[in-house]
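> First, the structure itself, so that you have it in front of you.
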Amino acid sequence: MEASLEKVSDLKQYLNVGETREFQIIKANSGGGQFQVSIRAIEMARSWDRLLKSRDENTVLEGEVMQTNRGGAIILVENHRCFLPGSLSARPLPAEGDRVPVVVVQAEKLDKNMRVVVSHRAALAAQLTDMQLGALLDGTVRAVKPYGVFVEIGPTMGLLHVSQISHEHVADVTAVLKEGDAVRAVLISRDKSRFGLSTKVLEPEPGAMLRDPAAVFAGAHAMAQRYRERLATMRAEVE
């Protein structure tokens with residue numbers, strides 16, 4: 001079917017008599033003086049251009065995981081089958097049927113075939129770079145230090161400093177958070193690829209993180225919204 005990249009079960013629902021459309025000739029004089037034309041070929045060329053733009057400009061696209069294997073996953077992006085190596089995926093590897101953001105890192109045509117490699121980690125990093133202060137982020141504790149914990153958020157690490165864990169004094173970080181713990185925190189500072197996090201601003205009352213972190217995380221959305229409102233107020237006062 002040359003009407004579209006998508007599956008078309010009924011041409012009458014896709015094309016109307018008298019409608020003006022752009023077509024590409026794919027076979028001249030296919031019989032009776034007629035030409036064989038295609039809309040699909042035009043759409044395929046445009047989708048390939050979007051893949052190249054993602055590669056060249058680091059723009060984020062979205063794809064659907066078609067299948068996974070030990071080496072990575074096959075993801076359908078812009079109707080092209082792309083390979084996501086396990087090393088370029090955020091942990092864990094997305095499951096079949098998941099829709100994930102990706103950035104194209106390699107795209108080339110080899111004879112009649114196209115080879116496209118994508119990165120999930122690069123897409124998450126790009127999204128984090130655009131993240132506004134006050135954003136609520138989910139991550140996993142990967143290292144615990146006396147001065148705080150390092151939280152993995154997609155492909156990057158954020159620091160939750162001991163002073164930003166709770167309004168009350170934290171004598172022992174390991175008594176509050178341990179390696180492997182799931183964490184929900186607010187982005188409070190950003191300097192290039194370094195991210196500063198806070199759970200203190202999520203506390204409904206001082207010391208809540210020391211007593212029941214799970215409860216703090218459960219109510220995090222409302223508290224994060226309050227924090228963003230305070231930021232907006234402070235900015236307005238400065239202006």
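Order determines the names: the first chain of the structure tokens is A, the second B, and so forth; residues in each chain are numbered 1 upward, and ligands are numbered 1 upward as they are shown.
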Find the residues near Val104 (chain A): any atom within 10 Å, counting only C-alpha atoms, skip ones fewer than 2 places away on the same chain, and give them as a list in words.

Arg50, Leu51, Leu52, Lys53, Ser54, Arg55, Asp56, Glu57, Asn58, Thr59, Val60, Leu61, Val77, Cys82, Phe83, Leu84, Val102, Gln106, Ala107, Val116, Val117, Val118, Ser119, His120, Ala122 and Ala123 of chain A

> Using DSSP on the backbone coordinates, identify the residues of region 112-206 of chain A assigned to alpha helix (DSSP H); present them as a list in words.

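The residues of region 112-206 of chain A classed as alpha helix (DSSP H) are His120, Arg121, Ala122, Ala123, Leu124, Ala125, Ala126, Gln127, Leu128 and Thr129 of chain A.
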
> Calculated over only C-alpha atoms, which of the candidates A:Pro92, A:Gly158, A:Gly134, A:Pro206 has the smallest distance to Ala222 (chain A)?

A:Gly134

> Using 9 Å as the limit and counting only C-alpha atoms, can you tabulate each residue of region 69-171 of chain A that touches region 207-220 of chain A, with its shortest atom-to-atom distance in Å and the two atoms involved, as CSV?


residue,atom,partner,partner_atom,distance
A:Leu136,CA,A:Ala220,CA,7.8
A:Ile165,CA,A:Met209,CA,7.0
A:Ser166,CA,A:Gly207,CA,5.8
A:His167,CA,A:Gly207,CA,5.9
A:Glu168,CA,A:Gly207,CA,5.1
A:His169,CA,A:Gly207,CA,8.2
A:Val170,CA,A:Leu210,CA,7.9

> For the selection you just gave me, I'd like the residues written to a file as a PDB file, in the first residue's frame, keeping C-alpha atoms.


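Once everything was written out, this is result_35.pdb:
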ATOM      1  CA  LEU A 136       9.532  16.926  40.776  1.00  0.00           C
ATOM      2  CA  ILE A 165      17.159  16.110  53.222  1.00  0.00           C
ATOM      3  CA  SER A 166      15.103  17.539  56.081  1.00  0.00           C
ATOM      4  CA  HIS A 167      14.383  20.734  57.996  1.00  0.00           C
ATOM      5  CA  GLU A 168      15.664  18.919  61.053  1.00  0.00           C
ATOM      6  CA  HIS A 169      19.332  18.024  61.537  1.00  0.00           C
ATOM      7  CA  VAL A 170      20.374  14.736  59.907  1.00  0.00           C
TER       8      VAL A 170
END

> Kindly indicate which residue among A:Gly154, A:Pro101, A:Pro94, A:Pro146 lies nearest to Ala171 (chain A), using only C-alpha atoms for the distances.

A:Pro146

> To one decimal place in Å, what is the distance between CA of Phe195 (chain A) and CA of Phe150 (chain A)?

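Spanning CA of Phe195 (chain A) to CA of Phe150 (chain A) is a straight-line distance of 10.0 Å.
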